[in-house]
Amino acid sequence: MELRHLRYFVAVAEHGGISHAAERLNIAQPAVSRQIRDLEMELGFDLLLREGRRVVLTDAGRSFADRARAILKDTEDAAETARRISKGEAGSLKIGLLEAASWAGHLPLTLNRFKRKHDGIRLDIRPMSSVAQIDALLSGEIDAAFVYRQDNISNEALAVHPLRTDNVVLAASTDLVFDSDGTLAFEDIDGLPIVAFPRSVAPAYHDQLFGALKGIGFEAQIVQEAMDETTMLSLVSAGVGCAFVNSTNMQRPPRRVQFRKVEGLSVPIEFLFVTPKSPGSLTQLLTDTVLEIDTQKA
């Protein structure tokens with residue numbers, strides 16, 4: 001059974017006869033009659049009762065016509081949806097992102113421009129850590145990721161697009177008064193209690209950060225651990241301790257938190273847009289949007 005059998009039969013059912021159906025289909029009448037007979041033979045029962053030049057649907061024929069119409073409609077809808085997806089007019093994308101990186105720069109600019117250009121595509125935004133995003137990307141749970149470089153990024157399986165390089169700053173309660181404004185010296189931070197994240201959250205970043213701290217002679221006295229920077233900053237605001245956090249947090253400073261650079265401390269953190277090596281058509285549209293944005297402006 002093929003779709004043309006259904007189209008011919010529905011045409012006969014809707015136009016009350018084979019001759020009218022053939023005329024509407026712009027096909028020779030014998031060809032329509034042959035297709036209907038082939039369909040009945042395959043089904044094993046009559047769909048039509050022939051009364052001279054007239055045909056009447058059997059009870060089975062009426063039931064089959066209803067389902068055939070639905071099948072043809074579903075087929076048309078599927079083709080139209082696929083066409084719209086291929087042209088970037090419909091579909092959905094699952095995108096991983098980091099909350100702190102969503103306040104400024106490439107990420108919000110990309111999402112804003114993409115939605116203006118492709119309003120029919122639904123964006124399923126999934127906040128998660130960089131490590132979790134890469135794992136989700138490799139398993140097919142998400143289509144694209146905005147992450148900081150991690151050990152689990154494989155250039156063989158993934159397409160990696162560097163966007164910018166961020167750094168770290170010290171976050172401290174506004175109740176904490178330093179001797180000077182601007183960049184802090186080692187003496188200003190020596191002995192401060194520190195709120196940090198467990199190494200398991202981001203091993204590469206953890207090792208880079210604490211290696212850099214050791215490089216300037218700072219031995220971190222960790223008084224509390226938290227799984228993400230949002231929680232860390234809440235603890236800083238509450239006066240539990242200070243924290244070394246991504247400089248992007250300065251775009252949305254929490255109340256009662258000040259951010260200060262530390263002399264000699266540099267922890268470059270590469271921010272990336274990552275997709276599968278062979279992305280789908282919608283993911284490619286997102287990639288094109290990311291790459292259109294001027295890095296300097298972002």
# chains A, B, ... in the order shown; residues from 1 in each chain; ligands from 1

call {"tool": "closest_atom_pairs", "arguments": {"of": "stretch 47-127 of chain A", "to": "stretch 226-250 of chain A", "cutoff": "8 Å", "atoms": "only C-alpha atoms", "output": "Markdown table"}}
result
| residue | atom | partner | partner_atom | distance |
| --- | --- | --- | --- | --- |
| A:Ala100 | CA | A:Asn249 | CA | 6.0 |
| A:Ala101 | CA | A:Thr248 | CA | 6.3 |
| A:Trp103 | CA | A:Thr248 | CA | 7.9 |
| A:Ala104 | CA | A:Thr248 | CA | 7.7 |

call {"tool": "closest_atom_pairs", "arguments": {"of": "stretch 135-207 of chain A", "to": "stretch 211-214 of chain A", "cutoff": "10 Å", "atoms": "only C-alpha atoms", "output": "Markdown table"}}
result
| residue | atom | partner | partner_atom | distance |
| --- | --- | --- | --- | --- |
| A:Tyr205 | CA | A:Gly211 | CA | 9.7 |
| A:His206 | CA | A:Gly211 | CA | 8.2 |
| A:Asp207 | CA | A:Gly211 | CA | 5.7 |

call {"tool": "write_last_selection", "arguments": {"atoms": "N, CA, C and O atoms", "output": "compact mmCIF listing (two decimals), in the first residue's frame"}}
result
# COMPACT_ATOMS: atom_id res chain seq x y z
N TYR A 205 39.30 24.01 36.21
CA TYR A 205 39.26 25.37 36.74
C TYR A 205 39.74 25.40 38.18
O TYR A 205 40.48 26.30 38.59
N HIS A 206 39.34 24.42 38.98
CA HIS A 206 39.76 24.34 40.39
C HIS A 206 41.29 24.30 40.48
O HIS A 206 41.91 25.05 41.25
N ASP A 207 41.90 23.42 39.69
CA ASP A 207 43.35 23.27 39.75
C ASP A 207 44.05 24.53 39.25
O ASP A 207 45.08 24.95 39.80

call {"tool": "select_by_dssp", "arguments": {"residues": "stretch 27-220 of chain A", "states": "strand (DSSP E)", "output": "PyMOL selection string"}}
result
chain A and resi 48-51+54-57+91-97+121-127+144-148+158-166+168-173+193-196

call {"tool": "select_by_dssp", "arguments": {"residues": "stretch 1-222 of chain A", "states": "helix (DSSP H, G or I)", "output": "ChimeraX atom specification"}}
result
/A:3-15,18-25,29-43,59-86,100-102,106-117,130-139,186-189,199-201,203-215

call {"tool": "write_last_selection", "arguments": {"atoms": "C-alpha atoms", "output": "short mmCIF file (atom, residue, chain, number, x, y, z; two decimals), in the first residue's frame"}}
result
data_model
loop_
_atom_site.label_atom_id
_atom_site.label_comp_id
_atom_site.auth_asym_id
_atom_site.auth_seq_id
_atom_site.Cartn_x
_atom_site.Cartn_y
_atom_site.Cartn_z
CA LEU A 3 0.23 6.95 -0.42
CA ARG A 4 -1.06 7.23 -3.98
CA HIS A 5 -3.55 4.43 -3.26
CA LEU A 6 -4.90 6.49 -0.36
CA ARG A 7 -4.98 9.72 -2.39
CA TYR A 8 -6.88 8.07 -5.24
CA PHE A 9 -9.35 6.38 -2.90
CA VAL A 10 -10.02 9.56 -0.92
CA ALA A 11 -10.57 11.46 -4.18
CA VAL A 12 -13.13 8.85 -5.27
CA ALA A 13 -14.84 8.99 -1.87
CA GLU A 14 -15.01 12.79 -1.87
CA HIS A 15 -16.12 13.25 -5.49
CA ILE A 18 -14.10 7.37 -10.37
CA SER A 19 -14.58 9.62 -13.40
CA HIS A 20 -14.90 12.76 -11.26
CA ALA A 21 -11.91 11.70 -9.17
CA ALA A 22 -9.81 11.06 -12.27
CA GLU A 23 -10.73 14.48 -13.61
CA ARG A 24 -9.80 16.16 -10.33
CA LEU A 25 -6.53 14.21 -10.11
CA GLN A 29 -9.86 6.97 -15.39
CA PRO A 30 -8.56 3.42 -16.01
CA ALA A 31 -5.49 4.20 -13.92
CA VAL A 32 -7.64 5.31 -10.95
CA SER A 33 -9.86 2.22 -11.29
CA ARG A 34 -6.80 -0.05 -11.34
CA GLN A 35 -5.32 1.56 -8.22
CA ILE A 36 -8.60 1.18 -6.33
CA ARG A 37 -8.84 -2.50 -7.34
CA ASP A 38 -5.23 -3.07 -6.23
CA LEU A 39 -6.01 -1.45 -2.89
CA GLU A 40 -9.11 -3.62 -2.36
CA MET A 41 -7.16 -6.75 -3.27
CA GLU A 42 -4.46 -5.88 -0.74
CA LEU A 43 -7.01 -5.17 1.97
CA ASP A 59 -19.32 0.67 5.62
CA ALA A 60 -15.70 -0.49 5.61
CA GLY A 61 -14.98 2.04 2.87
CA ARG A 62 -16.38 4.95 4.91
CA SER A 63 -14.26 3.93 7.91
CA PHE A 64 -11.17 3.51 5.75
CA ALA A 65 -11.76 6.88 4.06
CA ASP A 66 -11.78 8.66 7.43
CA ARG A 67 -8.47 7.09 8.47
CA ALA A 68 -6.96 7.62 5.01
CA ARG A 69 -7.77 11.34 5.17
CA ALA A 70 -6.08 11.54 8.57
CA ILE A 71 -3.00 9.73 7.28
CA LEU A 72 -2.71 12.05 4.28
CA LYS A 73 -3.15 15.08 6.52
CA ASP A 74 -0.46 13.82 8.91
CA THR A 75 1.86 13.22 5.96
CA GLU A 76 1.28 16.74 4.66
CA ASP A 77 1.84 18.19 8.14
CA ALA A 78 5.05 16.17 8.57
CA ALA A 79 6.37 17.38 5.23
CA GLU A 80 5.48 20.99 6.02
CA THR A 81 7.11 20.79 9.46
CA ALA A 82 10.25 19.27 7.97
CA ARG A 83 10.31 21.98 5.30
CA ARG A 84 10.00 24.72 7.91
CA ILE A 85 12.72 23.14 10.06
CA SER A 86 15.03 22.90 7.04
CA ALA A 100 26.77 33.84 35.45
CA ALA A 101 27.71 33.98 31.75
CA SER A 102 24.16 34.79 30.65
CA HIS A 106 27.97 36.60 23.62
CA LEU A 107 25.30 34.50 25.28
CA PRO A 108 22.48 37.06 25.70
CA LEU A 109 23.41 38.76 22.41
CA THR A 110 23.21 35.42 20.60
CA LEU A 111 19.87 34.40 22.09
CA ASN A 112 18.37 37.82 21.40
CA ARG A 113 19.51 37.92 17.77
CA PHE A 114 18.57 34.29 17.13
CA LYS A 115 15.00 34.74 18.39
CA ARG A 116 14.55 37.86 16.28
CA LYS A 117 15.70 36.00 13.16
CA SER A 130 30.33 23.41 32.21
CA VAL A 131 31.26 19.79 32.96
CA ALA A 132 27.61 18.71 32.96
CA GLN A 133 26.98 20.57 29.69
CA ILE A 134 29.78 18.77 27.88
CA ASP A 135 28.57 15.38 29.15
CA ALA A 136 25.02 16.26 28.04
CA LEU A 137 26.30 17.37 24.63
CA LEU A 138 28.24 14.14 24.11
CA SER A 139 25.20 12.05 25.11
CA PHE A 186 48.78 40.11 48.73
CA GLU A 187 48.94 41.65 52.21
CA ASP A 188 45.30 42.78 51.87
CA ILE A 189 44.01 39.24 51.36
CA ARG A 199 37.04 20.20 42.86
CA SER A 200 34.47 17.76 41.44
CA VAL A 201 32.38 20.66 40.12
CA PRO A 203 38.40 20.03 38.11
CA ALA A 204 40.38 21.96 35.48
CA TYR A 205 39.26 25.37 36.74
CA HIS A 206 39.76 24.34 40.39
CA ASP A 207 43.35 23.27 39.75
CA GLN A 208 44.08 26.37 37.69
CA LEU A 209 42.64 28.72 40.35
CA PHE A 210 44.28 27.17 43.38
CA GLY A 211 47.55 26.74 41.50
CA ALA A 212 47.53 30.46 40.73
CA LEU A 213 46.75 31.32 44.36
CA LYS A 214 49.63 29.19 45.53
CA GLY A 215 51.79 30.96 42.92
#

call {"tool": "residues_around", "arguments": {"residues": "stretch 144-160 of chain A", "least_positions_apart": "4", "cutoff": "7 Å", "atoms": "only C-alpha atoms", "output": "ChimeraX atom specification"}}
result
/A:94-98,130-131,133-134,137,204,269-277,283

call {"tool": "closest_residue", "arguments": {"among": "A:Leu123, A:Glu51, A:Glu225, A:Glu263", "to": "A:Thr183", "atoms": "only C-alpha atoms"}}
result
A:Glu263

call {"tool": "closest_residue", "arguments": {"among": "A:Ala171, A:Leu163, A:Leu47, A:Leu265", "to": "A:Val195", "atoms": "only C-alpha atoms"}}
result
A:Ala171

call {"tool": "closest_residue", "arguments": {"among": "A:Leu291, A:Ala185, A:Met1, A:Ile27", "to": "A:His161", "atoms": "only C-alpha atoms"}}
result
A:Leu291

call {"tool": "closest_residue", "arguments": {"among": "A:Ile216, A:Leu184, A:Ile222, A:Leu57", "to": "A:Phe45", "atoms": "only C-alpha atoms"}}
result
A:Leu57

call {"tool": "closest_residue", "arguments": {"among": "A:Gly17, A:Gly105, A:Pro254, A:Pro268", "to": "A:Arg50", "atoms": "only C-alpha atoms"}}
result
A:Gly17
